[in-house]
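Text of data27.tsv (TSV, N, CA and C atoms) as supplied:
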chain	number	residue	atom	x	y	z
V	1	MET	N	0.84	-1.17	0.00
V	1	MET	CA	0.00	0.00	0.00
V	1	MET	C	0.89	1.23	0.00
V	2	LYS	N	0.44	2.23	-0.70
V	2	LYS	CA	1.18	3.49	-0.75
V	2	LYS	C	0.22	4.64	-0.44
V	3	ILE	N	0.63	5.49	0.47
V	3	ILE	CA	-0.15	6.68	0.83
V	3	ILE	C	0.73	7.88	0.54
V	4	GLU	N	0.21	8.83	-0.20
V	4	GLU	CA	0.99	10.02	-0.51
V	4	GLU	C	0.45	11.22	0.26
V	5	LEU	N	1.36	11.95	0.88
V	5	LEU	CA	1.03	13.16	1.62
V	5	LEU	C	1.86	14.30	1.09
V	6	THR	N	1.35	15.49	1.20
V	6	THR	CA	2.17	16.65	0.89
V	6	THR	C	3.20	16.81	2.01
V	7	ASP	N	4.21	17.62	1.77
V	7	ASP	CA	5.20	17.87	2.82
V	7	ASP	C	4.54	18.46	4.05
V	8	ASP	N	3.59	19.39	3.84
V	8	ASP	CA	2.89	20.00	4.97
V	8	ASP	C	2.10	18.96	5.75
V	9	GLN	N	1.37	18.10	5.05
V	9	GLN	CA	0.58	17.07	5.72
V	9	GLN	C	1.48	16.12	6.51
V	10	ALA	N	2.59	15.72	5.92
V	10	ALA	CA	3.51	14.80	6.59
V	10	ALA	C	4.10	15.44	7.85
V	11	LEU	N	4.48	16.70	7.75
V	11	LEU	CA	5.07	17.40	8.88
V	11	LEU	C	4.08	17.52	10.04
V	12	VAL	N	2.87	17.93	9.73
V	12	VAL	CA	1.85	18.12	10.76
V	12	VAL	C	1.42	16.77	11.36
V	13	LEU	N	1.25	15.76	10.52
V	13	LEU	CA	0.86	14.45	11.02
V	13	LEU	C	1.95	13.85	11.91
V	14	SER	N	3.20	13.98	11.49
V	14	SER	CA	4.30	13.46	12.29
V	14	SER	C	4.33	14.11	13.67
V	15	ASP	N	4.18	15.42	13.70
V	15	ASP	CA	4.18	16.14	14.97
V	15	ASP	C	3.02	15.68	15.85
V	16	TRP	N	1.85	15.57	15.26
V	16	TRP	CA	0.66	15.16	16.02
V	16	TRP	C	0.83	13.75	16.58
V	17	LEU	N	1.28	12.82	15.75
V	17	LEU	CA	1.49	11.45	16.22
V	17	LEU	C	2.50	11.41	17.36
V	18	ASP	N	3.56	12.17	17.22
V	18	ASP	CA	4.58	12.21	18.27
V	18	ASP	C	4.00	12.72	19.58
V	19	ARG	N	3.10	13.68	19.50
V	19	ARG	CA	2.52	14.25	20.72
V	19	ARG	C	1.47	13.36	21.34
V	20	VAL	N	0.65	12.66	20.54
V	20	VAL	CA	-0.49	11.94	21.11
V	20	VAL	C	-0.27	10.45	21.34
V	21	MET	N	0.65	9.84	20.63
V	21	MET	CA	0.78	8.39	20.75
V	21	MET	C	1.24	7.94	22.14
V	22	HIS	N	1.83	8.82	22.90
V	22	HIS	CA	2.35	8.42	24.21
V	22	HIS	C	1.46	8.86	25.37
V	23	ARG	N	0.28	9.38	25.03
V	23	ARG	CA	-0.64	9.82	26.08
V	23	ARG	C	-1.62	8.71	26.44
V	24	LYS	N	-1.94	8.62	27.71
V	24	LYS	CA	-2.87	7.58	28.17
V	24	LYS	C	-4.25	7.73	27.53
V	25	ASP	N	-4.72	8.98	27.37
V	25	ASP	CA	-6.06	9.15	26.82
V	25	ASP	C	-6.11	8.72	25.36
V	26	PHE	N	-5.01	8.85	24.61
V	26	PHE	CA	-4.99	8.37	23.23
V	26	PHE	C	-4.95	6.84	23.22
V	27	ALA	N	-4.12	6.27	24.07
V	27	ALA	CA	-4.03	4.81	24.15
V	27	ALA	C	-5.39	4.19	24.50
V	28	ALA	N	-6.17	4.91	25.27
V	28	ALA	CA	-7.48	4.40	25.67
V	28	ALA	C	-8.47	4.32	24.50
V	29	ILE	N	-8.30	5.17	23.50
V	29	ILE	CA	-9.23	5.11	22.37
V	29	ILE	C	-8.80	4.13	21.29
V	30	VAL	N	-7.56	3.65	21.37
V	30	VAL	CA	-7.10	2.62	20.43
V	30	VAL	C	-7.55	1.29	21.01
V	31	ASP	N	-8.73	0.86	20.59
V	31	ASP	CA	-9.37	-0.31	21.20
V	31	ASP	C	-8.96	-1.64	20.56
V	32	ASP	N	-8.05	-1.58	19.62
V	32	ASP	CA	-7.56	-2.79	18.96
V	32	ASP	C	-6.04	-2.73	18.96
V	33	ARG	N	-5.40	-3.59	19.74
V	33	ARG	CA	-3.93	-3.54	19.87
V	33	ARG	C	-3.24	-3.67	18.53
V	34	ALA	N	-3.83	-4.34	17.57
V	34	ALA	CA	-3.20	-4.52	16.26
V	34	ALA	C	-3.02	-3.18	15.53
V	35	VAL	N	-3.86	-2.21	15.84
V	35	VAL	CA	-3.77	-0.89	15.20
V	35	VAL	C	-2.44	-0.23	15.53
V	36	TRP	N	-1.88	-0.53	16.70
V	36	TRP	CA	-0.59	0.06	17.08
V	36	TRP	C	0.49	-0.27	16.07
V	37	SER	N	0.41	-1.44	15.46
V	37	SER	CA	1.40	-1.82	14.45
V	37	SER	C	1.42	-0.81	13.31
V	38	ALA	N	0.25	-0.44	12.82
V	38	ALA	CA	0.16	0.54	11.74
V	38	ALA	C	0.59	1.92	12.20
V	39	LEU	N	0.18	2.30	13.41
V	39	LEU	CA	0.57	3.61	13.94
V	39	LEU	C	2.08	3.74	14.08
V	40	PHE	N	2.72	2.69	14.59
V	40	PHE	CA	4.18	2.72	14.73
V	40	PHE	C	4.85	2.79	13.36
V	41	ARG	N	4.33	2.06	12.38
V	41	ARG	CA	4.91	2.06	11.04
V	41	ARG	C	4.79	3.43	10.40
V	42	ILE	N	3.61	4.04	10.50
V	42	ILE	CA	3.40	5.37	9.91
V	42	ILE	C	4.28	6.40	10.59
V	43	SER	N	4.30	6.38	11.91
V	43	SER	CA	5.11	7.34	12.66
V	43	SER	C	6.60	7.19	12.31
V	44	GLY	N	7.08	5.97	12.27
V	44	GLY	CA	8.48	5.72	11.95
V	44	GLY	C	8.84	6.14	10.54
V	45	ALA	N	7.94	5.86	9.59
V	45	ALA	CA	8.19	6.25	8.20
V	45	ALA	C	8.26	7.77	8.07
V	46	LEU	N	7.37	8.46	8.75
V	46	LEU	CA	7.39	9.92	8.70
V	46	LEU	C	8.68	10.47	9.29
V	47	GLU	N	9.07	9.94	10.42
V	47	GLU	CA	10.29	10.43	11.09
V	47	GLU	C	11.53	10.23	10.23
V	48	THR	N	11.60	9.12	9.51
V	48	THR	CA	12.79	8.87	8.69
V	48	THR	C	12.80	9.69	7.41
V	49	GLN	N	11.65	10.15	6.98
V	49	GLN	CA	11.56	10.92	5.73
V	49	GLN	C	11.62	12.43	5.95
V	50	LEU	N	11.40	12.88	7.16
V	50	LEU	CA	11.33	14.32	7.43
V	50	LEU	C	12.60	14.82	8.08
V	51	SER	N	13.53	15.29	7.27
V	51	SER	CA	14.77	15.82	7.83
V	51	SER	C	14.53	17.14	8.56
V	52	SER	N	13.43	17.80	8.26
V	52	SER	CA	13.15	19.11	8.86
V	52	SER	C	12.92	19.03	10.37
V	53	ILE	N	12.62	17.85	10.90
V	53	ILE	CA	12.39	17.75	12.34
V	53	ILE	C	13.67	18.02	13.13
V	54	PHE	N	14.82	17.97	12.46
V	54	PHE	CA	16.09	18.26	13.12
V	54	PHE	C	16.59	19.68	12.82
V	55	ASP	N	15.84	20.40	12.03
V	55	ASP	CA	16.23	21.75	11.63
V	55	ASP	C	15.90	22.74	12.76
V	56	PRO	N	16.79	23.67	13.06
V	56	PRO	CA	16.50	24.65	14.12
V	56	PRO	C	15.24	25.47	13.86
V	57	SER	N	14.86	25.59	12.60
V	57	SER	CA	13.65	26.36	12.27
V	57	SER	C	12.40	25.48	12.23
V	58	TYR	N	12.52	24.25	12.76
V	58	TYR	CA	11.39	23.32	12.75
V	58	TYR	C	10.10	23.92	13.31
V	59	PRO	N	10.12	24.57	14.46
V	59	PRO	CA	8.86	25.13	14.98
V	59	PRO	C	8.20	26.12	14.00
V	60	ASP	N	9.00	26.93	13.35
V	60	ASP	CA	8.45	27.88	12.38
V	60	ASP	C	7.91	27.15	11.14
V	61	GLN	N	8.64	26.13	10.69
V	61	GLN	CA	8.17	25.35	9.54
V	61	GLN	C	6.86	24.65	9.85
V	62	LEU	N	6.78	24.10	11.06
V	62	LEU	CA	5.57	23.40	11.49
V	62	LEU	C	4.38	24.35	11.55
V	63	GLU	N	4.58	25.51	12.14
V	63	GLU	CA	3.49	26.48	12.24
V	63	GLU	C	3.04	26.95	10.85
V	64	SER	N	3.98	27.18	9.96
V	64	SER	CA	3.63	27.59	8.59
V	64	SER	C	2.85	26.49	7.88
V	65	ALA	N	3.28	25.25	8.05
V	65	ALA	CA	2.58	24.12	7.44
V	65	ALA	C	1.16	24.01	7.99
V	66	ARG	N	1.01	24.13	9.30
V	66	ARG	CA	-0.33	24.09	9.92
V	66	ARG	C	-1.23	25.17	9.32
V	67	GLN	N	-0.71	26.37	9.22
V	67	GLN	CA	-1.52	27.48	8.72
V	67	GLN	C	-1.94	27.25	7.27
V	68	ARG	N	-1.02	26.76	6.44
V	68	ARG	CA	-1.37	26.50	5.03
V	68	ARG	C	-2.46	25.44	4.94
V	69	LEU	N	-2.35	24.40	5.74
V	69	LEU	CA	-3.36	23.33	5.71
V	69	LEU	C	-4.70	23.81	6.23
V	70	ILE	N	-4.69	24.59	7.29
V	70	ILE	CA	-5.94	25.16	7.82
V	70	ILE	C	-6.59	26.06	6.79
V	71	ASP	N	-5.80	26.88	6.12
V	71	ASP	CA	-6.34	27.76	5.09
V	71	ASP	C	-7.02	26.95	3.98
V	72	GLN	N	-6.45	25.81	3.62
V	72	GLN	CA	-7.02	24.97	2.57
V	72	GLN	C	-8.34	24.32	2.99
V	73	LEU	N	-8.54	24.15	4.29
V	73	LEU	CA	-9.75	23.50	4.79
V	73	LEU	C	-10.98	24.40	4.74
V	74	GLY	N	-10.77	25.68	4.63
V	74	GLY	CA	-11.92	26.59	4.65
V	74	GLY	C	-12.63	26.50	5.98
V	75	ASP	N	-13.95	26.31	5.96
V	75	ASP	CA	-14.74	26.26	7.18
V	75	ASP	C	-14.79	24.87	7.83
V	76	PHE	N	-14.26	23.86	7.17
V	76	PHE	CA	-14.33	22.50	7.71
V	76	PHE	C	-13.65	22.43	9.08
V	77	GLY	N	-14.35	21.86	10.05
V	77	GLY	CA	-13.78	21.66	11.38
V	77	GLY	C	-13.88	22.84	12.31
V	78	LYS	N	-14.41	23.96	11.81
V	78	LYS	CA	-14.59	25.11	12.71
V	78	LYS	C	-15.73	24.82	13.66
V	79	GLN	N	-15.60	25.33	14.87
V	79	GLN	CA	-16.66	25.09	15.85
V	79	GLN	C	-17.42	26.34	16.13
Could you express the structure from this file as structure tokens?
Amino acid sequence: MKIELTDDQALVLSDWLDRVMHRKDFAAIVDDRAVWSALFRISGALETQLSSIFDPSYPDQLESARQRLIDQLGDFGKQ
């Protein structure tokens, strides 16, 4: 299987996975232990492909990527 993401999508998803995968409340919603296999694979693949996570300007790159993706969503997800 092949999944293609833009650089912005990959950067934002990698950051999100890194932040939530180790939280108890996230682990509680993963009700099938087998799903962890896919989550670890996706997270690992993103980390090995994204050299920007080691760049000193990573926080700025991440924020810019988030903003571009949010702008593309329009009103979707607004509360």
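Using all atoms listed in the file for every distance, the candidate list V:Gln61, V:Thr6, V:Ser43, V:Gln49 yields V:Ser43 as the residue closest to Asp18 of chain V.
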Using the file's own x, y and z axes, what box holds all listed atoms of segment 53-69 of chain V with 6 Å on each side, keeping edges along x, y and z, and what are its centre and edge lengths in Å to one decimal, as AutoDock Vina command-line options?
--center_x 6.0 --center_y 22.8 --center_z 10.0 --size_x 33.5 --size_y 22.1 --size_z 22.0
(message) Please identify the alpha helix (DSSP H) residues within chain V (assignment by DSSP from backbone atoms) and present them as a ChimeraX atom specification.
(response) /V:7-20,24-29,35-49,58-73
(request) Can you pull out every residue within 12 Å of Arg66 of chain V, counting only C-alpha atoms, but drop anything in the same chain fewer than 2 positions away, and send it as JSON, numbers by chain? (result) {"V": [6, 7, 8, 9, 10, 11, 12, 13, 14, 15, 16, 59, 60, 61, 62, 63, 64, 68, 69, 70, 71, 72, 73]}
(message) Just the number, please: distance in Å from atom CA of Ser52 of chain V to atom CA of Ala38 of chain V, one decimal.
(response)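 According to the coordinates, atom CA of Ser52 of chain V and atom CA of Ala38 of chain V are separated by 22.8 Å.
Coordinates place atom CA of Gly77 of chain V at a distance of 24.4 Å from atom CA of Leu46 of chain V.
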